[in-house]
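Chemist: Quick one: the structure is below, questions incoming.
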Amino acid sequence: MSILFLGNSITHSDIDLPGMQAGLGNDARVVCWAVDDTNYLDWLFGLKRIFRSGARPDYVIVGGRSRHFLAPHVRGNFFAHYMLDWPDLLDAARRIKANANAICSMLIAQGSAFYGSREEIYKRLVTWMIPRFAHLAAVLNRAGVSDAASAAMPPSPGDRIWEMKELCAIHGARLILWIPPGQSRDRNAQAMVEAGRELDVPVLVPIVEGQIPSKDYADGFHLGPAGARMLTSALARELKPLIAATADQELRGCQPASRIADMNVQESRK
C-alpha cells in the first residue's frame, strides 16, 4: 500500500519519515513530496501532474494550516515549472486570476528551469551574503506567525476538500488531511474538521496547540527533531486504523469508496 504525504515545509519538518514508516508498518510504503511555501492550489495542480504521469498512491495525505488550504495563490514561477503540467496552465492562470504578464511568465517558466528557479537562486544568494539570515528568519517567526489570513476564510472550506477528494478518487486514492500544531491557534481548524466529516474526508488534528513545548519548535512555526517525533507518533496512531479499515474492506471483497468513485466515472464516460 503506497502512501503519499504532500505539503509544504511543515510536512518536511514535522513528519519524521522513518518514524512514520515504522508507525504504519511494513505493509505501507511511505513517500513524501514537500515543497516549501506551497498551498492548496500548488498541491492540487501538482497532484494532477503526477496522476497524469501515472502515479497511483492508495492514500494522499495532505498537511497544512487552514490558511494554506484556502490560500488563493501559488508559488509563482517555481510552481509553473516544477508542479504545473502544460494542459493545466490556463486553468491555473484562471484560478489565480493571473494577468497577461503573469501568464507569459508561467509559459516561460514551464520551459526554463532557470526562470522557474530564480526566486530560489535569489534566496540562496541572500543566505550566502547574510550568514545569519536563517537566525533572523527564526527570530521573525518567533514574533508570531499569524493565521490572520484565514480569519476571512469562508465558514466551510468544503468546496476545496471536495475538489481534492474527487481528484484523488478518480485516480483510485483516498484523501486524508491533517492540521499541524503551532504556537498560535488555528482559528479555522474546527471548520476544516467539520467540513471533512460532512464529505467523508478525515481531517486529523493529532496534536493541538500547547501539547508540544516551545523549545521543541525550530522557529516558532516548524517543529524541531524532538517535536517532529512526537507529532509523527501521534499522527501515525490516528492514521493506522483508517488505513487498516480500508485494507479490511478489500479483504472482505468490498470496494473502497475511491474505487467505487473511479468505476462510476468510467461508467459515465461510456
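To be explicit about the labels: the chains of the C-alpha cells are called A, B, and onward in the order shown, and within each one the residues are counted from 1, while ligands get numbers from 1 in the order they are shown.
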Run DSSP on the backbone and give me the residues of stretch 155-244 of chain A it puts in strand (DSSP E), as number ranges by chain.

Modeler: A: 174-178, 203-204

Chemist: Save out the residues we just selected, N, CA, C and O atoms, as a PDB file, in the first residue's frame.

Modeler:
```
ATOM      1  N   ARG A 174      -7.442   7.571  -1.744  1.00  0.00           N
ATOM      2  CA  ARG A 174      -8.283   8.169  -0.709  1.00  0.00           C
ATOM      3  C   ARG A 174      -7.543   9.354  -0.106  1.00  0.00           C
ATOM      4  O   ARG A 174      -6.345   9.274   0.171  1.00  0.00           O
ATOM      5  N   LEU A 175      -8.265  10.439   0.116  1.00  0.00           N
ATOM      6  CA  LEU A 175      -7.684  11.666   0.656  1.00  0.00           C
ATOM      7  C   LEU A 175      -7.850  11.720   2.170  1.00  0.00           C
ATOM      8  O   LEU A 175      -8.923  11.435   2.705  1.00  0.00           O
ATOM      9  N   ILE A 176      -6.765  12.087   2.845  1.00  0.00           N
ATOM     10  CA  ILE A 176      -6.791  12.371   4.282  1.00  0.00           C
ATOM     11  C   ILE A 176      -6.047  13.688   4.493  1.00  0.00           C
ATOM     12  O   ILE A 176      -4.989  13.917   3.897  1.00  0.00           O
ATOM     13  N   LEU A 177      -6.599  14.550   5.318  1.00  0.00           N
ATOM     14  CA  LEU A 177      -5.951  15.816   5.644  1.00  0.00           C
ATOM     15  C   LEU A 177      -5.522  15.809   7.109  1.00  0.00           C
ATOM     16  O   LEU A 177      -6.117  15.117   7.934  1.00  0.00           O
ATOM     17  N   TRP A 178      -4.478  16.570   7.408  1.00  0.00           N
ATOM     18  CA  TRP A 178      -4.095  16.731   8.809  1.00  0.00           C
ATOM     19  C   TRP A 178      -3.649  18.170   9.044  1.00  0.00           C
ATOM     20  O   TRP A 178      -3.141  18.835   8.142  1.00  0.00           O
ATOM     21  N   VAL A 203     -10.148  14.634   8.629  1.00  0.00           N
ATOM     22  CA  VAL A 203      -9.271  15.781   8.882  1.00  0.00           C
ATOM     23  C   VAL A 203      -8.741  15.605  10.300  1.00  0.00           C
ATOM     24  O   VAL A 203      -9.472  15.788  11.277  1.00  0.00           O
ATOM     25  N   LEU A 204      -7.495  15.220  10.401  1.00  0.00           N
ATOM     26  CA  LEU A 204      -6.909  14.840  11.682  1.00  0.00           C
ATOM     27  C   LEU A 204      -6.191  16.022  12.331  1.00  0.00           C
ATOM     28  O   LEU A 204      -5.513  16.797  11.658  1.00  0.00           O
TER      29      LEU A 204
END
```

Chemist: Pick out the residues sitting within 7 Å of stretch 84-94 of chain A, and hand them over as a PDB file with all heavy atoms, in the first residue's frame; count only C-alpha atoms, and ignore anything fewer than 6 positions along from it in its own chain.

Modeler:
```pdb
ATOM      1  N   PHE A  45      -2.744  21.195  -8.377  1.00  0.00           N
ATOM      2  CA  PHE A  45      -2.206  21.044  -9.728  1.00  0.00           C
ATOM      3  C   PHE A  45      -0.997  20.113  -9.744  1.00  0.00           C
ATOM      4  O   PHE A  45      -0.736  19.444 -10.754  1.00  0.00           O
ATOM      5  CB  PHE A  45      -1.870  22.416 -10.318  1.00  0.00           C
ATOM      6  CG  PHE A  45      -3.091  23.193 -10.730  1.00  0.00           C
ATOM      7  CD1 PHE A  45      -3.594  24.209  -9.936  1.00  0.00           C
ATOM      8  CD2 PHE A  45      -3.760  22.876 -11.903  1.00  0.00           C
ATOM      9  CE1 PHE A  45      -4.735  24.912 -10.302  1.00  0.00           C
ATOM     10  CE2 PHE A  45      -4.901  23.571 -12.289  1.00  0.00           C
ATOM     11  CZ  PHE A  45      -5.390  24.593 -11.484  1.00  0.00           C
ATOM     12  N   GLY A  46      -0.262  20.048  -8.631  1.00  0.00           N
ATOM     13  CA  GLY A  46       0.814  19.069  -8.537  1.00  0.00           C
ATOM     14  C   GLY A  46       0.276  17.649  -8.589  1.00  0.00           C
ATOM     15  O   GLY A  46       0.847  16.773  -9.249  1.00  0.00           O
ATOM     16  N   ARG A  49      -0.641  16.706 -12.060  1.00  0.00           N
ATOM     17  CA  ARG A  49       0.556  16.389 -12.862  1.00  0.00           C
ATOM     18  C   ARG A  49       1.043  14.970 -12.593  1.00  0.00           C
ATOM     19  O   ARG A  49       1.333  14.217 -13.533  1.00  0.00           O
ATOM     20  CB  ARG A  49       1.661  17.404 -12.559  1.00  0.00           C
ATOM     21  CG  ARG A  49       2.949  17.145 -13.320  1.00  0.00           C
ATOM     22  CD  ARG A  49       3.926  18.282 -13.129  1.00  0.00           C
ATOM     23  NE  ARG A  49       5.165  18.067 -13.860  1.00  0.00           N
ATOM     24  CZ  ARG A  49       6.076  19.010 -14.072  1.00  0.00           C
ATOM     25  NH1 ARG A  49       5.895  20.232 -13.613  1.00  0.00           N
ATOM     26  NH2 ARG A  49       7.173  18.733 -14.742  1.00  0.00           N
ATOM     27  N   ILE A 103       0.788  35.281 -17.016  1.00  0.00           N
ATOM     28  CA  ILE A 103       0.631  34.098 -17.863  1.00  0.00           C
ATOM     29  C   ILE A 103       1.871  33.893 -18.725  1.00  0.00           C
ATOM     30  O   ILE A 103       2.351  32.763 -18.887  1.00  0.00           O
ATOM     31  CB  ILE A 103      -0.631  34.223 -18.738  1.00  0.00           C
ATOM     32  CG1 ILE A 103      -1.885  34.200 -17.855  1.00  0.00           C
ATOM     33  CG2 ILE A 103      -0.698  33.085 -19.756  1.00  0.00           C
ATOM     34  CD1 ILE A 103      -3.167  34.500 -18.604  1.00  0.00           C
TER      35      ILE A 103
END
```

Chemist: Which parts of stretch 82-220 of chain A does DSSP call helix (DSSP H, G or I) when run on the backbone here, written out as a VMD selection string?

Modeler: chain A and resid 82 86 to 95 100 to 111 113 to 116 118 to 129 133 to 142 148 to 152 158 to 170 189 to 198 214 to 216

Chemist: For the atom pair atom CA of A:Gln211 and atom CA of A:Pro18, what is the interatomic distance in Å to one decimal place?

Modeler: 22.3 Å

Chemist: Out of A:Leu4, A:Ile10, A:Leu167, A:Met106, which residue has the shortest atom-to-atom distance to A:Asp58 when counting only C-alpha atoms?

Modeler: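 Residue with the minimum atom-to-atom distance to A:Asp58: A:Leu4.
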
Chemist: Considering only C-alpha atoms, return as a PyMOL selection string whatever protein or nucleic-acid residues lie within 7 Å of A:Asn77, sequence-local ones (same chain, fewer than 4 positions apart) excluded.

Modeler: chain A and resi 81+105-106+109+116

Chemist: Report as a Markdown table: every residue of stretch 152-258 of chain A with an atom at most 7 Å from stretch 51-57 of chain A, its closest pair of atoms, and their distance in Å to one decimal, counting only C-alpha atoms, with rows sorted by chain and ascending residue number.

Modeler:
```
| residue | atom | partner | partner_atom | distance |
| --- | --- | --- | --- | --- |
| A:His171 | CA | A:Arg56 | CA | 6.7 |
| A:Gly172 | CA | A:Arg56 | CA | 6.9 |
| A:Ala173 | CA | A:Pro57 | CA | 5.9 |
```
